[in-house]
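Asker: Below you'll find upload-v4.cif; it's mmCIF, C-alpha atoms.
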data_model
loop_
_atom_site.group_PDB
_atom_site.id
_atom_site.type_symbol
_atom_site.label_atom_id
_atom_site.label_comp_id
_atom_site.auth_asym_id
_atom_site.auth_seq_id
_atom_site.Cartn_x
_atom_site.Cartn_y
_atom_site.Cartn_z
ATOM 1 C CA MET A 1 25.299 -8.011 -0.487
ATOM 2 C CA ALA A 2 26.277 -6.610 -3.880
ATOM 3 C CA LEU A 3 29.461 -4.852 -4.968
ATOM 4 C CA LEU A 4 29.625 -1.323 -6.336
ATOM 5 C CA GLN A 5 32.593 -1.089 -8.705
ATOM 6 C CA VAL A 6 34.008 2.397 -9.274
ATOM 7 C CA LYS A 7 36.752 3.168 -11.787
ATOM 8 C CA THR A 8 39.122 5.897 -10.599
ATOM 9 C CA PRO A 9 40.850 8.447 -12.876
ATOM 10 C CA PHE A 10 43.845 6.072 -12.721
ATOM 11 C CA ASN A 11 41.786 3.255 -14.297
ATOM 12 C CA ILE A 12 41.806 1.299 -11.037
ATOM 13 C CA GLU A 13 38.561 -0.374 -10.004
ATOM 14 C CA LEU A 14 37.610 0.136 -6.360
ATOM 15 C CA ASN A 15 34.965 -2.129 -4.866
ATOM 16 C CA PHE A 16 32.453 -0.948 -2.279
ATOM 17 C CA GLN A 17 30.319 -3.544 -0.537
ATOM 18 C CA THR A 18 26.689 -2.486 -0.295
ATOM 19 C CA ALA A 19 25.096 -2.485 3.130
ATOM 20 C CA SER A 20 22.899 -5.422 4.050
ATOM 21 C CA PHE A 21 19.160 -4.985 4.533
ATOM 22 C CA HIS A 22 19.322 -5.757 8.251
ATOM 23 C CA SER A 23 22.107 -3.213 8.892
ATOM 24 C CA ARG A 24 20.080 -0.505 7.135
ATOM 25 C CA LEU A 25 16.959 -1.541 9.044
ATOM 26 C CA PHE A 26 18.698 -1.514 12.440
ATOM 27 C CA ALA A 27 20.308 1.850 11.631
ATOM 28 C CA TRP A 28 16.848 3.202 10.788
ATOM 29 C CA ILE A 29 15.460 1.866 14.084
ATOM 30 C CA VAL A 30 18.303 3.505 16.026
ATOM 31 C CA ASP A 31 17.698 6.804 14.221
ATOM 32 C CA GLY A 32 13.997 6.547 15.022
ATOM 33 C CA PHE A 33 14.794 5.952 18.687
ATOM 34 C CA ILE A 34 17.147 8.965 18.752
ATOM 35 C CA MET A 35 14.553 11.223 17.127
ATOM 36 C CA ASN A 36 11.856 10.143 19.555
ATOM 37 C CA LEU A 37 14.252 10.591 22.478
ATOM 38 C CA TYR A 38 14.917 14.125 21.222
ATOM 39 C CA ARG A 39 11.178 14.793 20.894
ATOM 40 C CA TRP A 40 10.557 13.496 24.414
ATOM 41 C CA GLY A 41 13.373 15.598 25.868
ATOM 42 C CA MET A 42 12.289 18.774 24.098
ATOM 43 C CA SER A 43 8.637 18.190 25.012
ATOM 44 C CA LEU A 44 9.667 17.828 28.641
ATOM 45 C CA LEU A 45 11.655 21.047 28.357
ATOM 46 C CA PHE A 46 8.733 22.962 26.881
ATOM 47 C CA PHE A 47 5.815 21.582 28.840
ATOM 48 C CA LYS A 48 7.374 20.805 32.215
ATOM 49 C CA ILE A 49 10.025 23.449 32.713
ATOM 50 C CA PHE A 50 8.930 26.443 30.652
ATOM 51 C CA ASP A 51 5.544 28.099 30.764
ATOM 52 C CA THR A 52 3.942 26.964 27.498
ATOM 53 C CA ARG A 53 1.892 30.164 27.368
ATOM 54 C CA LEU A 54 5.071 32.005 26.406
ATOM 55 C CA PHE A 55 5.223 29.989 23.187
ATOM 56 C CA SER A 56 1.544 29.682 22.313
ATOM 57 C CA GLY A 57 0.828 30.814 18.772
ATOM 58 C CA VAL A 58 4.511 31.526 18.038
ATOM 59 C CA GLY A 59 5.409 28.114 16.585
ATOM 60 C CA ILE A 60 8.558 27.731 18.685
ATOM 61 C CA TYR A 61 7.796 24.088 19.385
ATOM 62 C CA GLU A 62 7.471 23.330 15.679
ATOM 63 C CA ILE A 63 10.747 25.136 14.941
ATOM 64 C CA MET A 64 12.671 23.504 17.786
ATOM 65 C CA VAL A 65 11.181 19.994 17.634
ATOM 66 C CA VAL A 66 9.210 19.155 14.495
ATOM 67 C CA ILE A 67 11.516 20.677 11.871
ATOM 68 C CA PRO A 68 14.748 19.166 13.322
ATOM 69 C CA MET A 69 13.074 15.739 13.357
ATOM 70 C CA LEU A 70 11.961 16.124 9.744
ATOM 71 C CA LEU A 71 15.417 17.292 8.621
ATOM 72 C CA TYR A 72 17.374 14.800 10.739
ATOM 73 C CA HIS A 73 18.456 12.451 7.958
ATOM 74 C CA PHE A 74 19.101 15.201 5.416
ATOM 75 C CA ILE A 75 21.288 17.276 7.755
ATOM 76 C CA PHE A 76 23.329 14.361 9.077
ATOM 77 C CA GLU A 77 23.927 12.710 5.713
ATOM 78 C CA LEU A 78 24.920 16.027 4.128
ATOM 79 C CA PHE A 79 27.268 17.279 6.842
ATOM 80 C CA ASN A 80 28.442 13.998 8.396
ATOM 81 C CA ASN A 81 29.926 12.249 5.358
ATOM 82 C CA GLY A 82 26.747 10.383 4.458
ATOM 83 C CA GLN A 83 26.083 9.039 7.940
ATOM 84 C CA SER A 84 23.241 9.486 10.374
ATOM 85 C CA LEU A 85 23.907 8.453 13.968
ATOM 86 C CA GLY A 86 22.366 5.045 13.290
ATOM 87 C CA LYS A 87 24.513 4.560 10.196
ATOM 88 C CA MET A 88 27.607 5.522 12.200
ATOM 89 C CA LEU A 89 26.769 2.856 14.779
ATOM 90 C CA PHE A 90 26.462 0.125 12.140
ATOM 91 C CA GLY A 91 29.381 1.292 9.998
ATOM 92 C CA ILE A 92 27.478 2.186 6.825
ATOM 93 C CA LYS A 93 27.247 5.391 4.799
ATOM 94 C CA VAL A 94 25.614 6.989 1.768
ATOM 95 C CA ILE A 95 27.719 7.553 -1.359
ATOM 96 C CA ASN A 96 26.918 8.256 -4.991
ATOM 97 C CA LEU A 97 27.563 5.720 -7.731
ATOM 98 C CA ASN A 98 30.913 7.365 -8.517
ATOM 99 C CA GLY A 99 32.196 6.425 -5.072
ATOM 100 C CA GLU A 100 32.074 10.034 -3.825
ATOM 101 C CA PHE A 101 30.046 11.637 -1.044
ATOM 102 C CA ALA A 102 26.518 12.524 -2.095
ATOM 103 C CA ASN A 103 26.067 16.217 -2.949
ATOM 104 C CA VAL A 104 23.327 18.541 -1.720
ATOM 105 C CA SER A 105 20.807 17.754 -4.458
ATOM 106 C CA GLN A 106 21.334 14.002 -4.062
ATOM 107 C CA CYS A 107 20.908 14.150 -0.282
ATOM 108 C CA MET A 108 17.777 16.261 -0.665
ATOM 109 C CA LEU A 109 16.207 14.015 -3.305
ATOM 110 C CA ARG A 110 16.754 10.809 -1.336
ATOM 111 C CA TRP A 111 15.457 12.603 1.787
ATOM 112 C CA LEU A 112 12.283 13.783 0.051
ATOM 113 C CA LEU A 113 11.541 10.321 -1.307
ATOM 114 C CA ARG A 114 12.246 8.769 2.099
ATOM 115 C CA PHE A 115 8.607 9.422 2.979
ATOM 116 C CA PHE A 116 7.572 6.842 0.391
ATOM 117 C CA ASP A 117 9.527 4.224 2.336
ATOM 118 C CA LEU A 118 7.174 4.819 5.254
ATOM 119 C CA GLY A 119 4.162 4.984 2.957
ATOM 120 C CA LEU A 120 2.749 1.691 4.197
ATOM 121 C CA ILE A 121 2.488 3.058 7.737
ATOM 122 C CA TRP A 122 1.362 6.553 6.802
ATOM 123 C CA GLY A 123 -1.052 5.202 4.200
ATOM 124 C CA LEU A 124 -2.812 3.076 6.795
ATOM 125 C CA ILE A 125 -2.976 6.045 9.166
ATOM 126 C CA TYR A 126 -4.533 8.254 6.476
ATOM 127 C CA ILE A 127 -7.071 5.592 5.512
ATOM 128 C CA ILE A 128 -8.072 4.691 9.067
ATOM 129 C CA TYR A 129 -8.056 8.079 10.766
ATOM 130 C CA SER A 130 -8.425 10.662 7.998
ATOM 131 C CA LYS A 131 -10.572 8.604 5.624
ATOM 132 C CA GLU A 132 -8.259 9.784 2.785
ATOM 133 C CA LEU A 133 -8.482 6.627 0.705
ATOM 134 C CA THR A 134 -6.789 7.951 -2.457
ATOM 135 C CA LEU A 135 -3.825 9.540 -0.690
ATOM 136 C CA GLY A 136 -3.433 6.534 1.559
ATOM 137 C CA LEU A 137 -3.356 4.123 -1.387
ATOM 138 C CA ILE A 138 -0.819 6.289 -3.250
ATOM 139 C CA MET A 139 1.517 6.275 -0.245
ATOM 140 C CA MET A 140 1.154 2.527 0.211
ATOM 141 C CA LEU A 141 1.846 1.856 -3.476
ATOM 142 C CA GLY A 142 4.888 4.165 -3.290
ATOM 143 C CA SER A 143 6.219 2.172 -0.351
ATOM 144 C CA LEU A 144 5.690 -1.097 -2.234
ATOM 145 C CA LEU A 145 7.439 0.336 -5.316
ATOM 146 C CA SER A 146 10.422 1.421 -3.215
ATOM 147 C CA PHE A 147 10.756 -2.076 -1.753
ATOM 148 C CA VAL A 148 10.537 -3.725 -5.182
ATOM 149 C CA ILE A 149 13.220 -1.364 -6.527
ATOM 150 C CA TYR A 150 15.437 -2.232 -3.549
ATOM 151 C CA LEU A 151 15.067 -5.963 -4.176
ATOM 152 C CA THR A 152 15.700 -5.758 -7.929
ATOM 153 C CA SER A 153 18.250 -2.946 -8.287
ATOM 154 C CA LYS A 154 21.873 -3.852 -8.947
ATOM 155 C CA HIS A 155 23.229 -1.811 -6.036
ATOM 156 C CA GLN A 156 20.358 -2.409 -3.563
ATOM 157 C CA GLN A 157 18.881 1.063 -3.898
ATOM 158 C CA ARG A 158 15.568 2.131 -2.465
ATOM 159 C CA LEU A 159 13.401 4.582 -4.433
ATOM 160 C CA GLY A 160 15.228 7.645 -3.070
ATOM 161 C CA ASP A 161 18.637 6.127 -3.827
ATOM 162 C CA PHE A 162 17.569 5.126 -7.327
ATOM 163 C CA ALA A 163 16.331 8.626 -8.151
ATOM 164 C CA ALA A 164 19.339 10.371 -6.578
ATOM 165 C CA GLY A 165 21.988 8.015 -7.956
ATOM 166 C CA THR A 166 23.176 6.951 -4.509
ATOM 167 C CA THR A 167 23.438 3.788 -2.461
ATOM 168 C CA VAL A 168 24.432 2.731 1.055
ATOM 169 C CA VAL A 169 27.739 0.897 1.496
ATOM 170 C CA LEU A 170 29.936 -0.387 4.286
ATOM 171 C CA LYS A 171 32.080 2.439 5.643
ATOM 172 C CA LYS A 172 35.113 0.180 6.002
ATOM 173 C CA LEU A 173 36.549 -0.451 2.557
ATOM 174 C CA PRO A 174 37.448 -4.045 1.614
ATOM 175 C CA TYR A 175 40.964 -2.893 0.729
ATOM 176 C CA LYS A 176 43.646 -0.596 2.039
ATOM 177 C CA ILE A 177 44.395 2.702 0.342
ATOM 178 C CA SER A 178 47.973 1.455 0.024
ATOM 179 C CA ASP A 179 46.680 -1.231 -2.341
ATOM 180 C CA THR A 180 46.099 1.485 -4.963
ATOM 181 C CA ILE A 181 48.513 3.989 -6.473
ATOM 182 C CA PHE A 182 47.053 6.727 -4.309
ATOM 183 C CA GLN A 183 49.634 7.963 -1.834
ATOM 184 C CA GLU A 184 49.079 10.171 1.164
ATOM 185 C CA PHE A 185 51.730 12.835 1.609
ATOM 186 C CA ASN A 186 51.937 16.537 2.339
ATOM 187 C CA THR A 187 51.337 18.348 -0.940
ATOM 188 C CA ASP A 188 51.574 21.872 0.482
ATOM 189 C CA SER A 189 55.317 22.115 -0.010
ATOM 190 C CA TYR A 190 55.770 19.274 -2.457
ATOM 191 C CA GLN A 191 58.182 19.890 -5.336
ATOM 192 C CA VAL A 192 57.803 17.864 -8.505
ATOM 193 C CA THR A 193 61.059 16.141 -9.467
ATOM 194 C CA PHE A 194 60.117 14.554 -12.781
ATOM 195 C CA PRO A 195 57.276 16.394 -14.575
ATOM 196 C CA GLN A 196 57.898 14.112 -17.568
ATOM 197 C CA VAL A 197 55.977 11.424 -15.670
ATOM 198 C CA MET A 198 52.710 12.745 -17.150
ATOM 199 C CA ARG A 199 53.817 11.343 -20.497
ATOM 200 C CA LEU A 200 53.313 7.854 -19.079
ATOM 201 C CA SER A 201 49.972 6.120 -19.460
ATOM 202 C CA ASP A 202 47.758 4.907 -16.628
ATOM 203 C CA ARG A 203 48.808 1.378 -17.527
ATOM 204 C CA ASP A 204 52.489 2.334 -17.155
ATOM 205 C CA ILE A 205 51.836 3.860 -13.725
ATOM 206 C CA ASN A 206 49.940 0.772 -12.570
ATOM 207 C CA ILE A 207 52.824 -1.433 -13.687
ATOM 208 C CA ILE A 208 55.292 0.699 -11.706
ATOM 209 C CA HIS A 209 53.059 0.510 -8.642
ATOM 210 C CA ASN A 210 52.703 -3.268 -8.893
ATOM 211 C CA ILE A 211 56.456 -3.707 -9.313
ATOM 212 C CA LEU A 212 57.186 -1.671 -6.196
ATOM 213 C CA GLN A 213 54.633 -3.659 -4.220
ATOM 214 C CA GLN A 214 56.211 -6.914 -5.298
ATOM 215 C CA HIS A 215 59.649 -5.527 -4.469
ATOM 216 C CA GLU A 216 58.531 -5.160 -0.840
ATOM 217 C CA LYS A 217 57.596 -8.851 -0.722
ATOM 218 C CA SER A 218 60.472 -10.403 -2.663
ATOM 219 C CA ASN A 219 63.824 -9.524 -4.161
ATOM 220 C CA ILE A 220 63.221 -8.457 -7.765
ATOM 221 C CA THR A 221 65.969 -5.839 -7.892
ATOM 222 C CA GLN A 222 67.100 -6.739 -11.402
ATOM 223 C CA HIS A 223 63.578 -6.339 -12.745
ATOM 224 C CA ILE A 224 63.259 -2.930 -11.085
ATOM 225 C CA ILE A 225 66.564 -1.842 -12.602
ATOM 226 C CA ARG A 226 65.414 -2.824 -16.091
ATOM 227 C CA VAL A 227 62.081 -0.996 -15.716
ATOM 228 C CA ALA A 228 63.731 2.113 -14.275
ATOM 229 C CA ASP A 229 66.311 2.192 -17.072
ATOM 230 C CA LYS A 230 63.593 1.846 -19.698
ATOM 231 C CA ILE A 231 61.590 4.743 -18.201
ATOM 232 C CA LYS A 232 64.672 6.935 -17.959
ATOM 233 C CA SER A 233 65.393 6.258 -21.605
ATOM 234 C CA VAL A 234 61.835 6.966 -22.793
ATOM 235 C CA LEU A 235 61.420 10.116 -20.688
ATOM 236 C CA GLN A 236 65.032 11.209 -21.228
ATOM 237 C CA ILE A 237 65.736 11.472 -17.503
ATOM 238 C CA GLU A 238 69.212 11.472 -16.011
ATOM 239 C CA THR A 239 69.486 10.747 -12.296
ATOM 240 C CA ASP A 240 71.823 8.887 -9.941
ATOM 241 C CA MET A 241 69.198 8.007 -7.325
ATOM 242 C CA PRO A 242 68.523 4.320 -6.601
ATOM 243 C CA GLU A 243 66.070 2.711 -9.006
ATOM 244 C CA ASP A 244 63.413 1.910 -6.385
ATOM 245 C CA SER A 245 63.586 5.469 -5.015
ATOM 246 C CA PHE A 246 63.336 6.811 -8.557
ATOM 247 C CA LEU A 247 60.140 4.827 -9.218
ATOM 248 C CA GLU A 248 58.631 5.911 -5.891
ATOM 249 C CA ILE A 249 59.310 9.565 -6.739
ATOM 250 C CA LEU A 250 57.642 9.028 -10.115
ATOM 251 C CA LEU A 251 54.496 7.748 -8.375
ATOM 252 C CA LYS A 252 54.428 10.733 -6.013
ATOM 253 C CA ASP A 253 54.919 13.158 -8.887
ATOM 254 C CA TYR A 254 52.105 11.486 -10.791
ATOM 255 C CA ASN A 255 49.791 11.624 -7.760
ATOM 256 C CA TYR A 256 50.544 15.296 -7.217
ATOM 257 C CA LEU A 257 50.237 16.395 -10.855
ATOM 258 C CA SER A 258 47.061 14.354 -11.443
ATOM 259 C CA LYS A 259 45.268 16.089 -8.582
ATOM 260 C CA LYS A 260 46.084 19.597 -9.768
#
How would this structure read if it were set down as structure tokens?

Answerer:
Amino acid sequence: MALLQVKTPFNIELNFQTASFHSRLFAWIVDGFIMNLYRWGMSLLFFKIFDTRLFSGVGIYEIMVVIPMLLYHFIFELFNNGQSLGKMLFGIKVINLNGEFANVSQCMLRWLLRFFDLGLIWGLIYIIYSKELTLGLIMMLGSLLSFVIYLTSKHQQRLGDFAAGTTVVLKKLPYKISDTIFQEFNTDSYQVTFPQVMRLSDRDINIIHNILQQHEKSNITQHIIRVADKIKSVLQIETDMPEDSFLEILLKDYNYLSKK
């Protein structure tokens, strides 16, 4: 499995582990089983319970069964944070190469090119049953191309991923959000205490964050005092709050102001 490295606006690199081939394959098999279970259930509903003459020539079956099956992956990945039901089961999801959820155009492009992944199967069907040699060969070559791209691409992308700028990664991140300077707090009523913090560089903020993390593990009070005094002097801040509390407030202010 490869690593997708994403640099945040705070110049911190986050690593996403790409999903293994077998997890993607098993997720695809589960999704296929779910779609066929849906088709079987809806077919039973139409042909065993309802009078099919009511729907003849109207296309209700196509609307209720065929179209949902065709749109299954697109709808789930767009509205379920990049996860189909199979991907949810195996803890993987689709993201773009910036580490964000794939947008509408990206989901649609990778969905459209998904049919090339099945080109080997559909190509054989076209050649054997429809005698469409040219179309069958094109689909088979497309499937082969998608597999080659998957094997050789840096982030293990199939053809649809490569075109859309997406990949599939493990949903569980290999780090905790607390390992970065991102902090979760209620911003609705948050009041900035030190707006001067935006004069600090990303490197300065990272140093503050690292110092506070180390302070939780060992006693480096004197070092924190020196850093806090230096920042107060540079930013011309006067406050009587404890140095560690002062640095924590600076981080929160920076988080809040950076997201505005």

Asker: At what distance in Å, to one decimal, does atom CA of Ile149 of chain A lie from atom CA of Gly165 of chain A?

Answerer: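 A separation of 12.9 Å between them.
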
Asker: From (21.6, 8.4, 14.5), in the file's coordinates, out to 9 Å: which residues are reached, counting only C-alpha atoms? Answer as a compact mmCIF listing (two decimals) with C-alpha atoms, in the frame of the given file.

Answerer:
# COMPACT_ATOMS: atom_id res chain seq x y z
CA ALA A 27 20.31 1.85 11.63
CA TRP A 28 16.85 3.20 10.79
CA ILE A 29 15.46 1.87 14.08
CA VAL A 30 18.30 3.50 16.03
CA ASP A 31 17.70 6.80 14.22
CA GLY A 32 14.00 6.55 15.02
CA PHE A 33 14.79 5.95 18.69
CA ILE A 34 17.15 8.96 18.75
CA MET A 35 14.55 11.22 17.13
CA TYR A 72 17.37 14.80 10.74
CA HIS A 73 18.46 12.45 7.96
CA PHE A 76 23.33 14.36 9.08
CA GLN A 83 26.08 9.04 7.94
CA SER A 84 23.24 9.49 10.37
CA LEU A 85 23.91 8.45 13.97
CA GLY A 86 22.37 5.04 13.29
CA LYS A 87 24.51 4.56 10.20
CA MET A 88 27.61 5.52 12.20
CA LEU A 89 26.77 2.86 14.78

Asker: Once the PyMOL selection byres ((chain A and resi 171) around 6) has been applied to the shown file, what residues remain in the selection, as a VMD selection string?

Answerer: chain A and resid 91 to 93 170 172

Asker: Nearest to Leu135 of chain A: which of A:Phe116, A:Phe162, A:Tyr256, A:Phe194 is it, counting all atoms listed in the file?

Answerer: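 Checking each candidate against Leu135 of chain A, we get A:Phe116 as the closest.
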
Asker: Kindly give the distance, in Å, that separates atom CA of Met108 of chain A and atom CA of Phe74 of chain A, rounded to a single decimal.

Answerer: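 Straight-line distance from atom CA of Met108 of chain A to atom CA of Phe74 of chain A works out to 6.3 Å.
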
Asker: Just so the selection is clear, what residues does the PyMOL selection byres ((chain A and resi 103) around 12) cover here, as a PyMOL selection string?

Answerer: chain A and resi 74-75+77-82+94-102+104-110+164-166

Asker: In Å, rounded to a single decimal, give me how far atom CA of Ser258 of chain A is from atom CA of Val234 of chain A.

Answerer: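 Between atom CA of Val234 of chain A and atom CA of Ser258 of chain A the gap is 20.0 Å.
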
Asker: Residues within 10 Å of segment 195-203 of chain A, please, as a count of residues only. Count all atoms listed in the file; anything in the same chain fewer than 5 positions from it doesn't count.

Answerer: 21

Asker: Quick one: residues within 12 Å of Ser153 of chain A, all atoms listed in the file counted, chain neighbours fewer than 2 positions away excluded, as a list in words?

Answerer: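 Once the adjacent positions are removed, what remains is Met1, Ala2, Leu3, Leu4, Thr18, Leu145, Ser146, Phe147, Val148, Ile149, Tyr150, Leu151, His155, Gln156, Gln157, Arg158, Leu159, Asp161, Phe162, Ala163, Gly165, Thr166 and Thr167 of chain A.
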
Asker: Some atoms are absent from segment 67-88 of chain A, so rebuild N, CA, C and O atoms and return them as a CSV table (one decimal), in the coordinates of the input.

Answerer:
chain,number,residue,atom,x,y,z
A,67,ILE,N,10.6,20.5,13.0
A,67,ILE,CA,11.5,20.7,11.9
A,67,ILE,C,12.8,19.9,12.0
A,67,ILE,O,13.3,19.2,11.1
A,68,PRO,N,13.5,20.0,13.2
A,68,PRO,CA,14.7,19.2,13.3
A,68,PRO,C,14.5,17.7,13.1
A,68,PRO,O,15.4,17.0,12.5
A,69,MET,N,13.4,17.2,13.6
A,69,MET,CA,13.1,15.7,13.4
A,69,MET,C,12.9,15.4,11.9
A,69,MET,O,13.3,14.4,11.4
A,70,LEU,N,12.2,16.3,11.2
A,70,LEU,CA,12.0,16.1,9.7
A,70,LEU,C,13.3,16.2,8.9
A,70,LEU,O,13.5,15.4,8.0
A,71,LEU,N,14.2,17.1,9.4
A,71,LEU,CA,15.4,17.3,8.6
A,71,LEU,C,16.6,16.4,9.1
A,71,LEU,O,17.7,16.5,8.6
A,72,TYR,N,16.3,15.6,10.1
A,72,TYR,CA,17.4,14.8,10.7
A,72,TYR,C,18.3,14.1,9.7
A,72,TYR,O,19.5,14.3,9.7
A,73,HIS,N,17.7,13.3,8.9
A,73,HIS,CA,18.5,12.5,8.0
A,73,HIS,C,19.2,13.3,6.9
A,73,HIS,O,20.3,13.1,6.6
A,74,PHE,N,18.5,14.3,6.4
A,74,PHE,CA,19.1,15.2,5.4
A,74,PHE,C,20.3,15.9,6.0
A,74,PHE,O,21.4,15.9,5.3
A,75,ILE,N,20.2,16.5,7.2
A,75,ILE,CA,21.3,17.3,7.8
A,75,ILE,C,22.5,16.4,8.1
A,75,ILE,O,23.6,16.7,7.7
A,76,PHE,N,22.2,15.2,8.7
A,76,PHE,CA,23.3,14.4,9.1
A,76,PHE,C,24.0,13.8,7.9
A,76,PHE,O,25.3,13.7,7.8
A,77,GLU,N,23.3,13.3,6.9
A,77,GLU,CA,23.9,12.7,5.7
A,77,GLU,C,24.7,13.7,4.9
A,77,GLU,O,25.7,13.4,4.2
A,78,LEU,N,24.2,15.0,4.9
A,78,LEU,CA,24.9,16.0,4.1
A,78,LEU,C,26.2,16.5,4.8
A,78,LEU,O,27.2,16.7,4.2
A,79,PHE,N,26.1,16.7,6.1
A,79,PHE,CA,27.3,17.3,6.8
A,79,PHE,C,28.1,16.3,7.6
A,79,PHE,O,29.1,16.6,8.3
A,80,ASN,N,27.7,15.0,7.6
A,80,ASN,CA,28.4,14.0,8.4
A,80,ASN,C,28.9,12.9,7.5
A,80,ASN,O,28.8,11.7,7.9
A,81,ASN,N,29.4,13.2,6.3
A,81,ASN,CA,29.9,12.2,5.4
A,81,ASN,C,29.0,11.1,5.1
A,81,ASN,O,29.4,9.9,5.0
A,82,GLY,N,27.7,11.4,4.9
A,82,GLY,CA,26.7,10.4,4.5
A,82,GLY,C,26.3,9.5,5.6
A,82,GLY,O,25.7,8.4,5.3
A,83,GLN,N,26.4,9.9,6.8
A,83,GLN,CA,26.1,9.0,7.9
A,83,GLN,C,25.2,9.7,8.9
A,83,GLN,O,25.5,10.8,9.5
A,84,SER,N,24.0,9.1,9.2
A,84,SER,CA,23.2,9.5,10.4
A,84,SER,C,23.9,8.8,11.6
A,84,SER,O,24.8,8.0,11.5
A,85,LEU,N,23.3,9.1,12.8
A,85,LEU,CA,23.9,8.5,14.0
A,85,LEU,C,23.7,6.9,13.9
A,85,LEU,O,24.6,6.2,14.3
A,86,GLY,N,22.6,6.5,13.4
A,86,GLY,CA,22.4,5.0,13.3
A,86,GLY,C,23.3,4.4,12.3
A,86,GLY,O,23.9,3.3,12.5
A,87,LYS,N,23.6,5.1,11.2
A,87,LYS,CA,24.5,4.6,10.2
A,87,LYS,C,25.9,4.5,10.8
A,87,LYS,O,26.7,3.6,10.5
A,88,MET,N,26.3,5.5,11.6
A,88,MET,CA,27.6,5.5,12.2
A,88,MET,C,27.8,4.3,13.1
A,88,MET,O,28.8,3.7,13.1
